[in-house]
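Structure file target_29.pdb; described as PDB, C-alpha atoms, pLDDT in the B column.
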```pdb
ATOM      1  CA  MET I1146       0.751  25.364  42.936  1.00 42.00           C
ATOM      2  CA  PRO I1147      -1.795  23.871  40.471  1.00 42.00           C
ATOM      3  CA  LEU I1148      -1.465  20.229  39.584  1.00 39.00           C
ATOM      4  CA  GLU I1149      -1.035  19.207  35.981  1.00 38.00           C
ATOM      5  CA  PRO I1150      -4.034  17.289  34.601  1.00 39.00           C
ATOM      6  CA  ALA I1151      -3.501  13.561  34.454  1.00 38.00           C
ATOM      7  CA  LEU I1152      -3.932  11.604  31.276  1.00 40.00           C
ATOM      8  CA  LEU I1153      -7.279   9.828  31.124  1.00 39.00           C
ATOM      9  CA  PRO I1154      -7.166   6.040  30.890  1.00 41.00           C
ATOM     10  CA  ILE I1155      -8.788   4.335  27.927  1.00 39.00           C
ATOM     11  CA  ALA I1156     -11.933   3.405  29.862  1.00 39.00           C
ATOM     12  CA  ASP I1157     -12.570   7.092  30.748  1.00 39.00           C
ATOM     13  CA  VAL I1158     -12.529   8.280  27.153  1.00 40.00           C
ATOM     14  CA  PRO I1159     -16.133   7.938  25.845  1.00 39.00           C
ATOM     15  CA  PHE I1160     -15.208   7.707  22.162  1.00 47.00           C
ATOM     16  CA  GLU I1161     -12.082   5.572  22.527  1.00 73.00           C
ATOM     17  CA  TRP I1162     -13.291   2.431  20.785  1.00 80.00           C
ATOM     18  CA  THR I1163     -15.002   4.442  18.082  1.00 83.00           C
ATOM     19  CA  TYR I1164     -11.692   6.246  17.679  1.00 84.00           C
ATOM     20  CA  VAL I1165      -9.720   3.005  17.333  1.00 86.00           C
ATOM     21  CA  ARG I1166     -12.243   1.454  14.955  1.00 88.00           C
ATOM     22  CA  SER I1167     -12.333   4.534  12.739  1.00 91.00           C
ATOM     23  CA  ILE I1168      -8.521   4.553  12.509  1.00 91.00           C
ATOM     24  CA  ILE I1169      -8.525   0.914  11.407  1.00 91.00           C
ATOM     25  CA  GLU I1170     -11.225   1.641   8.813  1.00 93.00           C
ATOM     26  CA  VAL I1171      -9.322   4.611   7.388  1.00 94.00           C
ATOM     27  CA  SER I1172      -6.066   2.634   7.253  1.00 93.00           C
ATOM     28  CA  LEU I1173      -7.639  -0.317   5.462  1.00 92.00           C
ATOM     29  CA  TYR I1174      -9.643   1.865   3.076  1.00 95.00           C
ATOM     30  CA  VAL I1175      -6.689   3.989   2.009  1.00 95.00           C
ATOM     31  CA  SER I1176      -4.250   1.088   1.701  1.00 94.00           C
ATOM     32  CA  LEU I1177      -6.603  -1.323  -0.072  1.00 92.00           C
ATOM     33  CA  VAL I1178      -7.758   1.255  -2.607  1.00 96.00           C
ATOM     34  CA  ALA I1179      -4.184   2.393  -3.274  1.00 96.00           C
ATOM     35  CA  VAL I1180      -2.939  -1.175  -3.722  1.00 94.00           C
ATOM     36  CA  ALA I1181      -5.886  -2.120  -5.945  1.00 94.00           C
ATOM     37  CA  LEU I1182      -5.251   0.854  -8.234  1.00 97.00           C
ATOM     38  CA  SER I1183      -1.526   0.180  -8.179  1.00 97.00           C
ATOM     39  CA  THR I1184      -2.078  -3.459  -9.159  1.00 94.00           C
ATOM     40  CA  LEU I1185      -4.284  -2.467 -12.088  1.00 96.00           C
ATOM     41  CA  PHE I1186      -1.491  -0.185 -13.283  1.00 96.00           C
ATOM     42  CA  SER I1187       1.560  -2.273 -12.353  1.00 96.00           C
ATOM     43  CA  LEU I1188       0.581  -5.652 -13.777  1.00 93.00           C
ATOM     44  CA  PRO I1189       0.141  -4.476 -17.398  1.00 93.00           C
ATOM     45  CA  VAL I1190       3.430  -2.555 -17.115  1.00 94.00           C
ATOM     46  CA  ALA I1191       5.215  -5.660 -15.806  1.00 93.00           C
ATOM     47  CA  LEU I1192       3.784  -7.776 -18.628  1.00 90.00           C
ATOM     48  CA  LEU I1193       4.718  -5.187 -21.244  1.00 90.00           C
ATOM     49  CA  VAL I1194       8.279  -4.813 -19.988  1.00 91.00           C
ATOM     50  CA  GLY I1195       8.628  -8.569 -19.565  1.00 87.00           C
ATOM     51  CA  PHE I1196       7.367  -9.417 -23.052  1.00 84.00           C
ATOM     52  CA  LYS I1197       8.827  -6.602 -25.138  1.00 84.00           C
ATOM     53  CA  GLU I1198      12.367  -5.733 -26.123  1.00 83.00           C
ATOM     54  CA  PHE I1199      12.818  -2.006 -26.665  1.00 85.00           C
ATOM     55  CA  PRO I1200      15.526   0.645 -26.276  1.00 90.00           C
ATOM     56  CA  GLY I1201      15.872   1.784 -22.674  1.00 87.00           C
ATOM     57  CA  LYS I1202      14.349  -1.359 -21.184  1.00 87.00           C
ATOM     58  CA  GLY I1203      17.305  -1.776 -18.832  1.00 89.00           C
ATOM     59  CA  VAL I1204      17.042   1.850 -17.711  1.00 92.00           C
ATOM     60  CA  LEU I1205      13.310   1.488 -17.075  1.00 91.00           C
ATOM     61  CA  THR I1206      13.878  -1.684 -15.064  1.00 91.00           C
ATOM     62  CA  SER I1207      16.537   0.087 -13.002  1.00 91.00           C
ATOM     63  CA  LEU I1208      14.158   2.983 -12.345  1.00 91.00           C
ATOM     64  CA  ILE I1209      11.478   0.556 -11.178  1.00 92.00           C
ATOM     65  CA  ASN I1210      13.904  -1.158  -8.823  1.00 89.00           C
ATOM     66  CA  THR I1211      15.147   2.199  -7.538  1.00 90.00           C
ATOM     67  CA  GLY I1212      11.584   3.315  -6.880  1.00 90.00           C
ATOM     68  CA  MET I1213      11.108   0.383  -4.503  1.00 90.00           C
ATOM     69  CA  GLY I1214      13.288   2.214  -1.990  1.00 88.00           C
ATOM     70  CA  PHE I1215      12.221   5.779  -2.747  1.00 88.00           C
ATOM     71  CA  PRO I1216      12.011   7.921   0.441  1.00 91.00           C
ATOM     72  CA  SER I1217       8.415   8.192   1.559  1.00 92.00           C
ATOM     73  CA  VAL I1218       8.724  11.742   2.880  1.00 93.00           C
ATOM     74  CA  VAL I1219       9.877  12.913  -0.550  1.00 94.00           C
ATOM     75  CA  VAL I1220       6.836  11.228  -2.102  1.00 94.00           C
ATOM     76  CA  GLY I1221       4.642  12.956   0.468  1.00 94.00           C
ATOM     77  CA  LEU I1222       6.153  16.344  -0.356  1.00 95.00           C
ATOM     78  CA  LEU I1223       5.686  15.824  -4.097  1.00 95.00           C
ATOM     79  CA  VAL I1224       2.063  14.744  -3.685  1.00 95.00           C
ATOM     80  CA  LEU I1225       1.388  17.632  -1.292  1.00 95.00           C
ATOM     81  CA  PHE I1226       2.770  20.076  -3.861  1.00 95.00           C
ATOM     82  CA  ALA I1227       0.674  18.473  -6.604  1.00 95.00           C
ATOM     83  CA  VAL I1228      -2.574  18.886  -4.643  1.00 95.00           C
ATOM     84  CA  SER I1229      -1.758  22.275  -3.124  1.00 93.00           C
ATOM     85  CA  ASN I1230      -3.166  25.535  -4.481  1.00 90.00           C
ATOM     86  CA  GLN I1231       0.028  26.092  -6.462  1.00 90.00           C
ATOM     87  CA  GLY I1232       0.059  22.545  -7.860  1.00 91.00           C
ATOM     88  CA  PRO I1233      -1.554  21.098 -10.992  1.00 94.00           C
ATOM     89  CA  LEU I1234      -4.329  19.450  -8.942  1.00 93.00           C
ATOM     90  CA  GLY I1235      -5.005  22.428  -6.699  1.00 89.00           C
ATOM     91  CA  GLU I1236      -8.526  23.001  -8.032  1.00 92.00           C
ATOM     92  CA  LEU I1237      -9.622  19.586  -6.716  1.00 92.00           C
ATOM     93  CA  ASN I1238      -9.124  20.618  -3.053  1.00 92.00           C
ATOM     94  CA  LEU I1239      -7.405  17.369  -2.089  1.00 93.00           C
ATOM     95  CA  VAL I1240      -5.107  18.744   0.619  1.00 92.00           C
ATOM     96  CA  PHE I1241      -5.421  16.715   3.841  1.00 94.00           C
ATOM     97  CA  THR I1242      -7.896  14.239   2.378  1.00 94.00           C
ATOM     98  CA  ARG I1243      -7.990  10.465   2.049  1.00 95.00           C
ATOM     99  CA  GLU I1244      -7.732  10.823  -1.710  1.00 95.00           C
ATOM    100  CA  ALA I1245      -4.355  12.535  -1.334  1.00 95.00           C
ATOM    101  CA  MET I1246      -3.255   9.724   0.983  1.00 96.00           C
ATOM    102  CA  ILE I1247      -4.308   7.169  -1.635  1.00 97.00           C
ATOM    103  CA  MET I1248      -2.247   9.034  -4.239  1.00 96.00           C
ATOM    104  CA  SER I1249       0.780   8.953  -1.964  1.00 96.00           C
ATOM    105  CA  GLN I1250       0.460   5.255  -1.180  1.00 96.00           C
ATOM    106  CA  PHE I1251      -0.167   4.515  -4.858  1.00 97.00           C
ATOM    107  CA  VAL I1252       3.177   6.096  -5.736  1.00 96.00           C
ATOM    108  CA  LEU I1253       4.934   4.122  -3.007  1.00 95.00           C
ATOM    109  CA  ALA I1254       3.317   0.759  -3.750  1.00 95.00           C
ATOM    110  CA  THR I1255       3.572   0.870  -7.550  1.00 96.00           C
ATOM    111  CA  PRO I1256       7.348   0.301  -7.872  1.00 96.00           C
ATOM    112  CA  VAL I1257       7.154  -2.591  -5.401  1.00 95.00           C
ATOM    113  CA  ILE I1258       4.281  -4.339  -7.179  1.00 95.00           C
ATOM    114  CA  THR I1259       5.747  -3.650 -10.616  1.00 96.00           C
ATOM    115  CA  GLY I1260       9.253  -4.802  -9.705  1.00 95.00           C
ATOM    116  CA  VAL I1261       8.264  -8.057  -8.032  1.00 94.00           C
ATOM    117  CA  SER I1262       5.673  -8.822 -10.719  1.00 93.00           C
ATOM    118  CA  LEU I1263       8.268  -8.199 -13.417  1.00 93.00           C
ATOM    119  CA  ALA I1264      10.631 -10.646 -11.730  1.00 92.00           C
ATOM    120  CA  ALA I1265       7.807 -13.202 -11.597  1.00 91.00           C
ATOM    121  CA  VAL I1266       6.972 -12.706 -15.288  1.00 89.00           C
ATOM    122  CA  ASP I1267      10.636 -12.995 -16.296  1.00 88.00           C
ATOM    123  CA  ALA I1268      10.885 -16.251 -14.333  1.00 87.00           C
ATOM    124  CA  VAL I1269       8.218 -17.915 -16.507  1.00 84.00           C
ATOM    125  CA  GLU I1270       9.948 -20.213 -18.977  1.00 80.00           C
ATOM    126  CA  GLU I1271       9.991 -19.090 -22.584  1.00 76.00           C
ATOM    127  CA  ASN I1272       8.621 -22.413 -23.845  1.00 77.00           C
ATOM    128  CA  VAL I1273       5.395 -21.770 -21.922  1.00 75.00           C
ATOM    129  CA  ARG I1274       4.745 -18.643 -23.970  1.00 72.00           C
ATOM    130  CA  ASP I1275       5.857 -20.379 -27.175  1.00 71.00           C
ATOM    131  CA  ALA I1276       3.428 -23.236 -26.496  1.00 78.00           C
ATOM    132  CA  ALA I1277       0.586 -20.773 -26.006  1.00 72.00           C
ATOM    133  CA  PHE I1278       1.405 -19.082 -29.312  1.00 71.00           C
ATOM    134  CA  ALA I1279       1.743 -22.448 -31.063  1.00 74.00           C
ATOM    135  CA  MET I1280      -1.761 -23.417 -29.946  1.00 79.00           C
ATOM    136  CA  GLY I1281      -3.147 -20.341 -31.684  1.00 71.00           C
ATOM    137  CA  GLY I1282      -3.339 -18.101 -28.674  1.00 70.00           C
ATOM    138  CA  THR I1283      -3.476 -14.337 -29.016  1.00 77.00           C
ATOM    139  CA  ARG I1284      -1.222 -11.957 -27.090  1.00 76.00           C
ATOM    140  CA  PHE I1285      -3.988 -11.653 -24.523  1.00 79.00           C
ATOM    141  CA  ASP I1286      -4.150 -15.453 -24.155  1.00 80.00           C
ATOM    142  CA  VAL I1287      -0.381 -15.606 -23.702  1.00 80.00           C
ATOM    143  CA  ALA I1288      -0.598 -12.885 -21.066  1.00 81.00           C
ATOM    144  CA  LEU I1289      -3.238 -14.888 -19.180  1.00 84.00           C
ATOM    145  CA  VAL I1290      -1.082 -18.022 -19.334  1.00 85.00           C
ATOM    146  CA  THR I1291       1.911 -16.054 -18.060  1.00 83.00           C
ATOM    147  CA  ILE I1292      -0.129 -14.591 -15.204  1.00 84.00           C
ATOM    148  CA  LYS I1293      -1.308 -18.076 -14.268  1.00 86.00           C
ATOM    149  CA  GLU I1294       2.261 -19.401 -14.224  1.00 86.00           C
ATOM    150  CA  ALA I1295       3.551 -16.414 -12.268  1.00 87.00           C
ATOM    151  CA  ARG I1296       0.561 -16.037  -9.953  1.00 86.00           C
ATOM    152  CA  TYR I1297       2.495 -16.798  -6.780  1.00 86.00           C
ATOM    153  CA  GLY I1298       5.056 -14.115  -7.559  1.00 88.00           C
ATOM    154  CA  ILE I1299       2.330 -11.662  -8.526  1.00 89.00           C
ATOM    155  CA  ALA I1300       0.432 -12.399  -5.312  1.00 87.00           C
ATOM    156  CA  THR I1301       3.642 -11.811  -3.386  1.00 88.00           C
ATOM    157  CA  ALA I1302       4.059  -8.497  -5.228  1.00 91.00           C
ATOM    158  CA  VAL I1303       0.559  -7.341  -4.289  1.00 90.00           C
ATOM    159  CA  LEU I1304       1.017  -8.331  -0.667  1.00 88.00           C
ATOM    160  CA  ALA I1305       4.408  -6.633  -0.541  1.00 90.00           C
ATOM    161  CA  GLY I1306       2.788  -3.497  -1.925  1.00 92.00           C
ATOM    162  CA  PHE I1307       0.094  -3.727   0.729  1.00 91.00           C
ATOM    163  CA  GLY I1308       2.740  -4.090   3.414  1.00 89.00           C
ATOM    164  CA  ARG I1309       4.530  -1.016   2.085  1.00 91.00           C
ATOM    165  CA  ALA I1310       1.276   0.959   2.095  1.00 93.00           C
ATOM    166  CA  ILE I1311      -0.211  -0.112   5.433  1.00 92.00           C
ATOM    167  CA  SER I1312       3.045   0.511   7.323  1.00 90.00           C
ATOM    168  CA  GLU I1313       3.673   3.950   5.816  1.00 90.00           C
ATOM    169  CA  VAL I1314       3.839   6.937   8.160  1.00 90.00           C
ATOM    170  CA  GLY I1315       5.888   9.783   6.659  1.00 89.00           C
ATOM    171  CA  SER I1316       4.026  10.489   3.428  1.00 92.00           C
ATOM    172  CA  VAL I1317       0.499   9.985   4.799  1.00 93.00           C
ATOM    173  CA  LEU I1318       1.319  12.267   7.710  1.00 92.00           C
ATOM    174  CA  ILE I1319       2.395  14.990   5.273  1.00 94.00           C
ATOM    175  CA  VAL I1320      -0.503  14.734   2.822  1.00 95.00           C
ATOM    176  CA  GLY I1321      -3.213  13.615   5.262  1.00 93.00           C
ATOM    177  CA  GLY I1322      -2.546  15.852   8.235  1.00 91.00           C
ATOM    178  CA  ASN I1323      -3.369  13.162  10.846  1.00 91.00           C
ATOM    179  CA  ILE I1324      -6.831  14.663  11.390  1.00 90.00           C
ATOM    180  CA  VAL I1325      -9.514  13.429  13.805  1.00 90.00           C
ATOM    181  CA  GLY I1326     -13.024  14.889  14.030  1.00 85.00           C
ATOM    182  CA  PRO I1327     -14.498  16.428  17.208  1.00 80.00           C
ATOM    183  CA  GLU I1328     -16.349  13.220  18.114  1.00 78.00           C
ATOM    184  CA  GLY I1329     -13.247  11.069  17.903  1.00 78.00           C
ATOM    185  CA  HIS I1330     -13.778   9.769  14.364  1.00 85.00           C
ATOM    186  CA  SER I1331     -10.640   9.555  12.273  1.00 89.00           C
ATOM    187  CA  LYS I1332     -10.666  11.641   9.122  1.00 92.00           C
ATOM    188  CA  THR I1333      -7.127  11.039   7.880  1.00 94.00           C
ATOM    189  CA  ARG I1334      -5.424   9.397  10.852  1.00 92.00           C
ATOM    190  CA  THR I1335      -4.027   5.927  10.151  1.00 94.00           C
ATOM    191  CA  LEU I1336      -2.653   3.199  12.383  1.00 93.00           C
ATOM    192  CA  THR I1337       0.948   4.286  11.973  1.00 93.00           C
ATOM    193  CA  THR I1338       0.374   8.008  12.457  1.00 93.00           C
ATOM    194  CA  ALA I1339      -1.906   7.297  15.428  1.00 92.00           C
ATOM    195  CA  ILE I1340       0.725   5.078  17.070  1.00 92.00           C
ATOM    196  CA  GLN I1341       3.285   7.850  16.726  1.00 90.00           C
ATOM    197  CA  LEU I1342       0.940  10.466  18.185  1.00 90.00           C
ATOM    198  CA  GLU I1343      -0.417   8.342  21.031  1.00 88.00           C
ATOM    199  CA  ALA I1344       3.063   7.246  22.124  1.00 90.00           C
ATOM    200  CA  ARG I1345       4.318  10.833  22.035  1.00 90.00           C
ATOM    201  CA  GLN I1346       1.390  11.932  24.226  1.00 88.00           C
ATOM    202  CA  GLY I1347       2.022   9.157  26.735  1.00 88.00           C
ATOM    203  CA  ARG I1348      -1.122   7.152  25.976  1.00 85.00           C
ATOM    204  CA  PHE I1349       0.728   3.899  25.687  1.00 88.00           C
ATOM    205  CA  GLU I1350      -2.368   1.713  26.131  1.00 85.00           C
ATOM    206  CA  THR I1351      -3.907   3.054  22.944  1.00 84.00           C
ATOM    207  CA  ALA I1352      -0.563   2.988  21.129  1.00 88.00           C
ATOM    208  CA  LEU I1353      -0.026  -0.661  22.073  1.00 91.00           C
ATOM    209  CA  LEU I1354      -3.563  -1.562  21.012  1.00 87.00           C
ATOM    210  CA  LEU I1355      -3.072   0.047  17.626  1.00 90.00           C
ATOM    211  CA  GLY I1356       0.349  -1.578  17.327  1.00 92.00           C
ATOM    212  CA  ALA I1357      -1.191  -4.986  18.022  1.00 92.00           C
ATOM    213  CA  VAL I1358      -3.767  -4.387  15.274  1.00 90.00           C
ATOM    214  CA  LEU I1359      -1.019  -3.403  12.826  1.00 91.00           C
ATOM    215  CA  VAL I1360       1.022  -6.498  13.699  1.00 89.00           C
ATOM    216  CA  ALA I1361      -2.081  -8.669  13.275  1.00 91.00           C
ATOM    217  CA  LEU I1362      -2.612  -7.255   9.787  1.00 84.00           C
ATOM    218  CA  VAL I1363       1.031  -7.923   8.894  1.00 78.00           C
ATOM    219  CA  LEU I1364       0.732 -11.496  10.184  1.00 84.00           C
ATOM    220  CA  LEU I1365      -2.420 -11.938   8.129  1.00 84.00           C
ATOM    221  CA  VAL I1366      -0.543 -10.814   5.019  1.00 76.00           C
ATOM    222  CA  ASN I1367       2.274 -13.268   5.775  1.00 73.00           C
ATOM    223  CA  ALA I1368      -0.256 -16.073   6.305  1.00 81.00           C
ATOM    224  CA  ILE I1369      -1.754 -15.394   2.881  1.00 75.00           C
ATOM    225  CA  VAL I1370       1.708 -15.547   1.301  1.00 66.00           C
ATOM    226  CA  LEU I1371       2.459 -18.842   3.055  1.00 66.00           C
ATOM    227  CA  ARG I1372      -0.862 -20.260   1.913  1.00 74.00           C
ATOM    228  CA  TYR I1373      -0.025 -19.471  -1.698  1.00 61.00           C
ATOM    229  CA  GLY I1374       3.474 -20.833  -1.242  1.00 53.00           C
ATOM    230  CA  ASN I1375       2.291 -24.152   0.163  1.00 53.00           C
ATOM    231  CA  GLY I1376      -0.104 -24.775  -2.717  1.00 53.00           C
ATOM    232  CA  ASN I1377       0.393 -27.762  -4.990  1.00 44.00           C
ATOM    233  CA  ASP I1378       0.939 -25.551  -8.011  1.00 46.00           C
ATOM    234  CA  GLY I1379       1.898 -22.145  -6.769  1.00 42.00           C
ATOM    235  CA  GLY I1380       3.534 -20.968  -9.962  1.00 44.00           C
ATOM    236  CA  ARG I1381       7.116 -21.053 -11.100  1.00 44.00           C
ATOM    237  CA  TYR I1382       8.249 -17.979  -9.255  1.00 42.00           C
ATOM    238  CA  ARG I1383       9.597 -19.436  -5.985  1.00 43.00           C
TER     239      ARG I1383
END
```
Reformat the file's structure so that it appears as structure tokens.
Amino acid sequence: MPLEPALLPIADVPFEWTYVRSIIEVSLYVSLVAVALSTLFSLPVALLVGFKEFPGKGVLTSLINTGMGFPSVVVGLLVLFAVSNQGPLGELNLVFTREAMIMSQFVLATPVITGVSLAAVDAVEENVRDAAFAMGGTRFDVALVTIKEARYGIATAVLAGFGRAISEVGSVLIVGGNIVGPEGHSKTRTLTTAIQLEARQGRFETALLLGAVLVALVLLVNAIVLRYGNGNDGGRYR
């Protein structure tokens, strides 16, 4: 009766460390780009909603808060449809690419960054804005003053968005396909999807290594938040 092949230990896999490093690079690239784009979109929206009074403002705020808990697999399905051949972006051939993963993480991170930033902007005292206007400041100047006052809350929003993106598994698995090249280089495999796959295949050493890297990144994010929070003038949003 033939014996089943044993799983190779990490040391016996020639491309193992290249594999791990490429997964980390893909995870950081996708998450950082998605969060950067989301911040560029979310901050002006938070300032606009925080400054302006308009019909439906309460509904829009509720939608933003609801989006913070939107199911990631649903986002993945919607993005996959958008980039598929039948979708509006089908001609761009984005199925199972990093760009599609960035789109998915952008959608997931945007409500988080917008919602927390909006709370930070709303927490800035009205007399701060009035003082900026009284000194002859333009709307842009007032926005800069508000950002300065709310910078701790905004930083927290960005880091929360990064945490949402870097820890995502469902949507990136759907739109990215969890693909690795023949030489062990990750194409669309991230830390979270790799941990799931490696654990399911019984390669717990690799799964634990990737898990330790993910935890280290989360701890780094928390350390940055604590550093901002312990500053002498960390903003009014505390």
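The list of residues within 7 Å of (-1.9, -10.3, -15.2), counted using all atoms listed in the file, is Leu1188, Pro1189, Ala1288, Leu1289 and Ile1292 of chain I.
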_Leu1192 of chain I surroundings by only C-alpha atoms, 9 Å radius, close-in-sequence under 4 positions cut, as a list in words_ =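 Residues near the query, excluding close chain neighbours: Ser1187, Leu1188, Phe1196, Lys1197, Ser1262, Leu1263, Val1266, Asp1267, Ala1288, Thr1291 and Ile1292 of chain I.
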*Given all atoms listed in the file as the counted atoms, nearest of I:Leu1173, I:Val1194, I:Leu1222, I:Val1320 to Ala1245 of chain I*: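 That would be I:Val1320, the residue with the smallest distance to Ala1245 of chain I.
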*Record the distance separating atom CA of Ala1368 of chain I and atom CA of Leu1342 of chain I, expressed in Å with one decimal.*
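Going from atom CA of Ala1368 of chain I over to atom CA of Leu1342 of chain I, I get 29.1 Å.
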Would you write out, as a PDB file with C-alpha atoms, keeping the file's coordinate frame, every residue that the PyMOL selection byres ((chain I and resi 1305) around 9) captures in this file?
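The resulting file, selection_17.pdb, is reproduced below:
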```pdb
ATOM      1  CA  ALA I1254       3.317   0.759  -3.750  1.00 95.00           C
ATOM      2  CA  VAL I1257       7.154  -2.591  -5.401  1.00 95.00           C
ATOM      3  CA  ILE I1258       4.281  -4.339  -7.179  1.00 95.00           C
ATOM      4  CA  VAL I1261       8.264  -8.057  -8.032  1.00 94.00           C
ATOM      5  CA  ALA I1300       0.432 -12.399  -5.312  1.00 87.00           C
ATOM      6  CA  THR I1301       3.642 -11.811  -3.386  1.00 88.00           C
ATOM      7  CA  ALA I1302       4.059  -8.497  -5.228  1.00 91.00           C
ATOM      8  CA  VAL I1303       0.559  -7.341  -4.289  1.00 90.00           C
ATOM      9  CA  LEU I1304       1.017  -8.331  -0.667  1.00 88.00           C
ATOM     10  CA  GLY I1306       2.788  -3.497  -1.925  1.00 92.00           C
ATOM     11  CA  PHE I1307       0.094  -3.727   0.729  1.00 91.00           C
ATOM     12  CA  GLY I1308       2.740  -4.090   3.414  1.00 89.00           C
ATOM     13  CA  ARG I1309       4.530  -1.016   2.085  1.00 91.00           C
ATOM     14  CA  ALA I1310       1.276   0.959   2.095  1.00 93.00           C
ATOM     15  CA  VAL I1366      -0.543 -10.814   5.019  1.00 76.00           C
TER      16      VAL I1366
END
```
*Got a sec to resolve the PyMOL selection byres ((chain I and resi 1166) around 12) on this structure and send the residues as a ChimeraX atom specification?*
/I:1160-1165,1167-1173,1329-1332,1334-1336,1339,1351,1354-1355,1358
Just C-alpha atoms for this one: save the residues we selected as a PDB file, in the frame of the given file.
```pdb
ATOM      1  CA  PHE I1160     -15.208   7.707  22.162  1.00 47.00           C
ATOM      2  CA  GLU I1161     -12.082   5.572  22.527  1.00 73.00           C
ATOM      3  CA  TRP I1162     -13.291   2.431  20.785  1.00 80.00           C
ATOM      4  CA  THR I1163     -15.002   4.442  18.082  1.00 83.00           C
ATOM      5  CA  TYR I1164     -11.692   6.246  17.679  1.00 84.00           C
ATOM      6  CA  VAL I1165      -9.720   3.005  17.333  1.00 86.00           C
ATOM      7  CA  SER I1167     -12.333   4.534  12.739  1.00 91.00           C
ATOM      8  CA  ILE I1168      -8.521   4.553  12.509  1.00 91.00           C
ATOM      9  CA  ILE I1169      -8.525   0.914  11.407  1.00 91.00           C
ATOM     10  CA  GLU I1170     -11.225   1.641   8.813  1.00 93.00           C
ATOM     11  CA  VAL I1171      -9.322   4.611   7.388  1.00 94.00           C
ATOM     12  CA  SER I1172      -6.066   2.634   7.253  1.00 93.00           C
ATOM     13  CA  LEU I1173      -7.639  -0.317   5.462  1.00 92.00           C
ATOM     14  CA  GLY I1329     -13.247  11.069  17.903  1.00 78.00           C
ATOM     15  CA  HIS I1330     -13.778   9.769  14.364  1.00 85.00           C
ATOM     16  CA  SER I1331     -10.640   9.555  12.273  1.00 89.00           C
ATOM     17  CA  LYS I1332     -10.666  11.641   9.122  1.00 92.00           C
ATOM     18  CA  ARG I1334      -5.424   9.397  10.852  1.00 92.00           C
ATOM     19  CA  THR I1335      -4.027   5.927  10.151  1.00 94.00           C
ATOM     20  CA  LEU I1336      -2.653   3.199  12.383  1.00 93.00           C
ATOM     21  CA  ALA I1339      -1.906   7.297  15.428  1.00 92.00           C
ATOM     22  CA  THR I1351      -3.907   3.054  22.944  1.00 84.00           C
ATOM     23  CA  LEU I1354      -3.563  -1.562  21.012  1.00 87.00           C
ATOM     24  CA  LEU I1355      -3.072   0.047  17.626  1.00 90.00           C
ATOM     25  CA  VAL I1358      -3.767  -4.387  15.274  1.00 90.00           C
TER      26      VAL I1358
END
```
_atom CA of Gly1356 of chain I to atom CA of Ile1340 of chain I, distance in Å rounded to a single decimal_ =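 Result for atom CA of Gly1356 of chain I versus atom CA of Ile1340 of chain I: 6.7 Å, one decimal.
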*Measuring atom to atom with all atoms listed in the file, identify which of I:Val1325, I:Ala1265, I:Leu1364, I:Ile1247 is nearest to Val1224 of chain I.*
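Using all atoms listed in the file, the shortest distance to Val1224 of chain I belongs to I:Ile1247.
What separates atom CA of Val1178 of chain I from atom CA of Leu1239 of chain I is a distance of 16.1 Å.
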*Pick the closest to Phe1251 of chain I from I:Phe1285, I:Phe1349, I:Phe1186, I:Phe1199: which is it, counting all atoms listed in the file?*
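When distances to Phe1251 of chain I are compared using all atoms listed in the file, the smallest one comes from I:Phe1186.
Among the candidate residues I:Ala1268, I:Leu1225, I:Leu1365, I:Gly1212, the one lying nearest to Asn1238 of chain I is I:Leu1225, with distances computed using all atoms listed in the file.
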